[in-house]
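Asker: Take a look at this one; I'll ask things after.
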Amino acid sequence: MSESMQRADDADKQRAFLGLLACQLVTPWSHPTIYPLVHRHAATLTTWSARLGYRLVHLDRCYRLRRVPIDGRVAAPVVEPPRRHVLLLALYAAACLDDHREDTITLQELSDVVRLATWGRGGWPYDPDLRPHRHGMVAAVELLTGHGVLEPRTDDQLVEGWERSGEGIGAGYVLHRDALMLLIDTGDVDLALARRSVSAEDTRGIELLRALVETQAILVDELTDESRAYLVGQRARLRQRAEEMTGGSVEVRADALTLVLPADRDLPASLQIDFPAATAVDWVSLRLLDAAARTGTGSFRECPADEVRRLAAEVHSASGRHLTKTLQESSTTMLAAAEARLTGVGLLRLLPDGAWQLTPLAGRYRDADLSHPAPADTLFPEDA
């Protein structure tokens with residue numbers, strides 16, 4: 001194989017692996033681009049999954065990456081989880097589909113059986129006569145569709161009409177039982193809840209590689225003495241494996257190892273930190289982050305609450321008309337928006353007293369070349 005063909009083959013393997021990390025259950029109908037790559041390189045992906053203590057499971061035309069917990073712990077990427085009621089509806093829907101005898105179902109039929117299941121078990125009620133509940137059901141079905149359990153066979157407009165009025169069939173779906181079987185396997189849940197370990201071997205290397213690949217960072221000051229000692233001796237090996245599997249590059253600093261994924265690939269949105277974006281909130285957040293980092297101390301730089309409020313007042317006063325109308329209301333409103341944004345992308349931990357604790361990842365955004373943007377009405381959308 002020529003060098004250029006080898007590079008292309010390696011890139012396909014890495015794209016397939018990253019696709020599995022972002023979409024743990026891959027099928028031809030839910031992920032038509034990723035599935036052929038996963039199927040073609042299943043042997044390599046099985047080996048790479050094992051490096052992380054994971055298992056790649058194959059059933060008919062479905063592949064699932066099973067993230068096996070270690071002592072009840074997993075490495076969780078920084079993503080916004082589904083809302084609780086949506087996740088609960090998705091679990092009820094999956095349980096009802098497991099009992100469904102037909103290979104097709106409509107949204108209205110699924111809504112009916114979920115309503116009976118929630119009321120019949122004396123649990124949290126679902127009332128499809130209420131539009132917010134129907135909206136939640138649509139979101140739950142979208143979760144199952146994303147995992148390949150349901151495959152839409154009708155127009156999206158039927159779903160929108162049902163969500164608005166509660167009338168009609170909503171939509172028609174094909175039920176894929178192989179995907180459902182892989183999705184509702186509860187073995188790993190048992191390992192997490194019981195905090196049981198599946199191996200008596202030294203798992204430090206696996207846990208560190210999980211952190212680097214899944215969260216894109218190993219924060220040195222958060223490691224135990226044993227894990228820190230392992231990292232000192234195995235840093236090069238961990239770096240090589242992470243780069244081989246993802247195609248990214250690992251930046252090594254005294255306080256952190258960070259994985260930077262390639263920017264020239266069509267990566268799933270959940271694997272990328274979309275910060276800073278061209279919005280007023282991100283511009284303000286970046287200014288506050290840089291100012292707080294200069295006044296904070298320690299590897300996890302901490303900036304007292306009073307100092308954070310003072311910095312917010314300065315930025316708010318200096319920014320004036322460059323902010324959106326919502327952010328112009330007060331420095332408190334602006335600060336709350338910035339805190340939510342920075343916390344959401346894993347750069348900030350908000351302490352109980354309101355102080356800021358910046359993670360080592362925030363160092364990547366230090367010393368940004370900041371200048372006032374164009375007025376808000378020309379550069380930023382009003383809801384930014």
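How things are named: the first chain in the structure tokens is A, the next is B, and so on; residues count from 1 in each chain; ligands count from 1 in the order shown.
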I need the residues in region 41-275 of chain A that are strand (DSSP E or B) according to DSSP; give them as an MDAnalysis selection string.

Answerer: chainID A and resid 55:59 62:66 70 73 104:106 150:152 172:175 217:219 249:252 256:260

Asker: Mind writing the picked residues with C-alpha atoms as a CSV table (one decimal), in the first residue's frame?

Answerer:
chain,number,residue,atom,x,y,z
A,55,ARG,CA,-16.1,-3.5,24.0
A,56,LEU,CA,-17.3,-3.2,20.4
A,57,VAL,CA,-20.4,-5.3,20.1
A,58,HIS,CA,-21.9,-6.4,16.7
A,59,LEU,CA,-25.4,-7.6,16.1
A,62,CYS,CA,-25.6,-2.7,14.3
A,63,TYR,CA,-22.5,-1.8,16.2
A,64,ARG,CA,-22.4,-0.5,19.7
A,65,LEU,CA,-19.5,0.8,21.7
A,66,ARG,CA,-20.0,-0.4,25.2
A,70,ILE,CA,-14.3,0.8,36.1
A,73,ARG,CA,-16.8,5.3,37.0
A,104,THR,CA,-43.8,-0.8,12.6
A,105,ILE,CA,-45.4,1.8,15.0
A,106,THR,CA,-46.7,5.3,14.8
A,150,LEU,CA,-36.6,3.8,15.1
A,151,GLU,CA,-36.3,4.6,11.4
A,152,PRO,CA,-38.7,7.4,10.1
A,172,GLY,CA,-44.7,6.2,11.0
A,173,TYR,CA,-41.5,4.3,12.1
A,174,VAL,CA,-39.8,1.0,11.4
A,175,LEU,CA,-38.7,-0.7,14.6
A,217,ALA,CA,-7.7,16.3,28.8
A,218,ILE,CA,-5.8,14.8,31.7
A,219,LEU,CA,-5.7,17.3,34.5
A,249,SER,CA,-2.3,16.0,18.5
A,250,VAL,CA,-1.6,15.9,22.2
A,251,GLU,CA,-0.3,19.1,23.9
A,252,VAL,CA,1.8,18.4,26.9
A,256,ALA,CA,-2.4,19.1,31.8
A,257,LEU,CA,-2.3,16.9,28.7
A,258,THR,CA,-4.8,18.1,26.1
A,259,LEU,CA,-6.0,16.4,23.0
A,260,VAL,CA,-6.6,18.7,20.0

Asker: Applying 12 Å and only C-alpha atoms, which residues near Ala318 (chain A) remain after dropping the ones on its own chain fewer than 4 positions away? List them as a PyMOL selection string.

Answerer: chain A and resi 284+287+311-314+322-323+328+331+371-372

Asker: Within 12 Å of region 290-310 of chain A, which residues of region 229-261 of chain A come that close, and what is the closest atom pair and distance in Å for each? Count only C-alpha atoms and give it as a tab-separated table.

Answerer:
residue	atom	partner	partner_atom	distance
A:Arg253	CA	A:Ser299	CA	11.1
A:Ala254	CA	A:Ser299	CA	9.3
A:Asp255	CA	A:Ser299	CA	6.5
A:Ala256	CA	A:Ser299	CA	9.3

Asker: Assign secondary structure with DSSP using the backbone only, and return the residues of region 206-360 of chain A in helix (DSSP H, G or I) as a count of residues only.

Answerer: 90

Asker: Work out how far CA of Leu107 (chain A) is from CA of Val159 (chain A), in Å to one decimal.

Answerer: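 One can read the CA of Val159 (chain A) to CA of Leu107 (chain A) distance as 7.8 Å.
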
Asker: Could you tell me how far CA of Val114 (chain A) sits from CA of Arg61 (chain A), in Å to one decimal place?

Answerer: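 CA of Val114 (chain A) lies at a distance of 27.5 Å from CA of Arg61 (chain A).
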
Asker: State, in Å with one decimal place, the distance from CA of Tyr35 (chain A) to CA of Pro77 (chain A).

Answerer: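 Interatomic distance here is 22.1 Å.
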
Asker: Taking a cut-off of 12 Å and counting only C-alpha atoms, can you build a table that, for each residue of region 48-83 of chain A near region 239-242 of chain A, reports the nearest atom pair and how far apart they are in Å (one decimal), sorted by chain then residue number, as a tab-separated table?

Answerer:
residue	atom	partner	partner_atom	distance
A:Trp48	CA	A:Arg241	CA	8.8
A:Ser49	CA	A:Arg241	CA	11.5
A:Arg51	CA	A:Arg241	CA	8.8
A:Leu52	CA	A:Ala242	CA	10.2
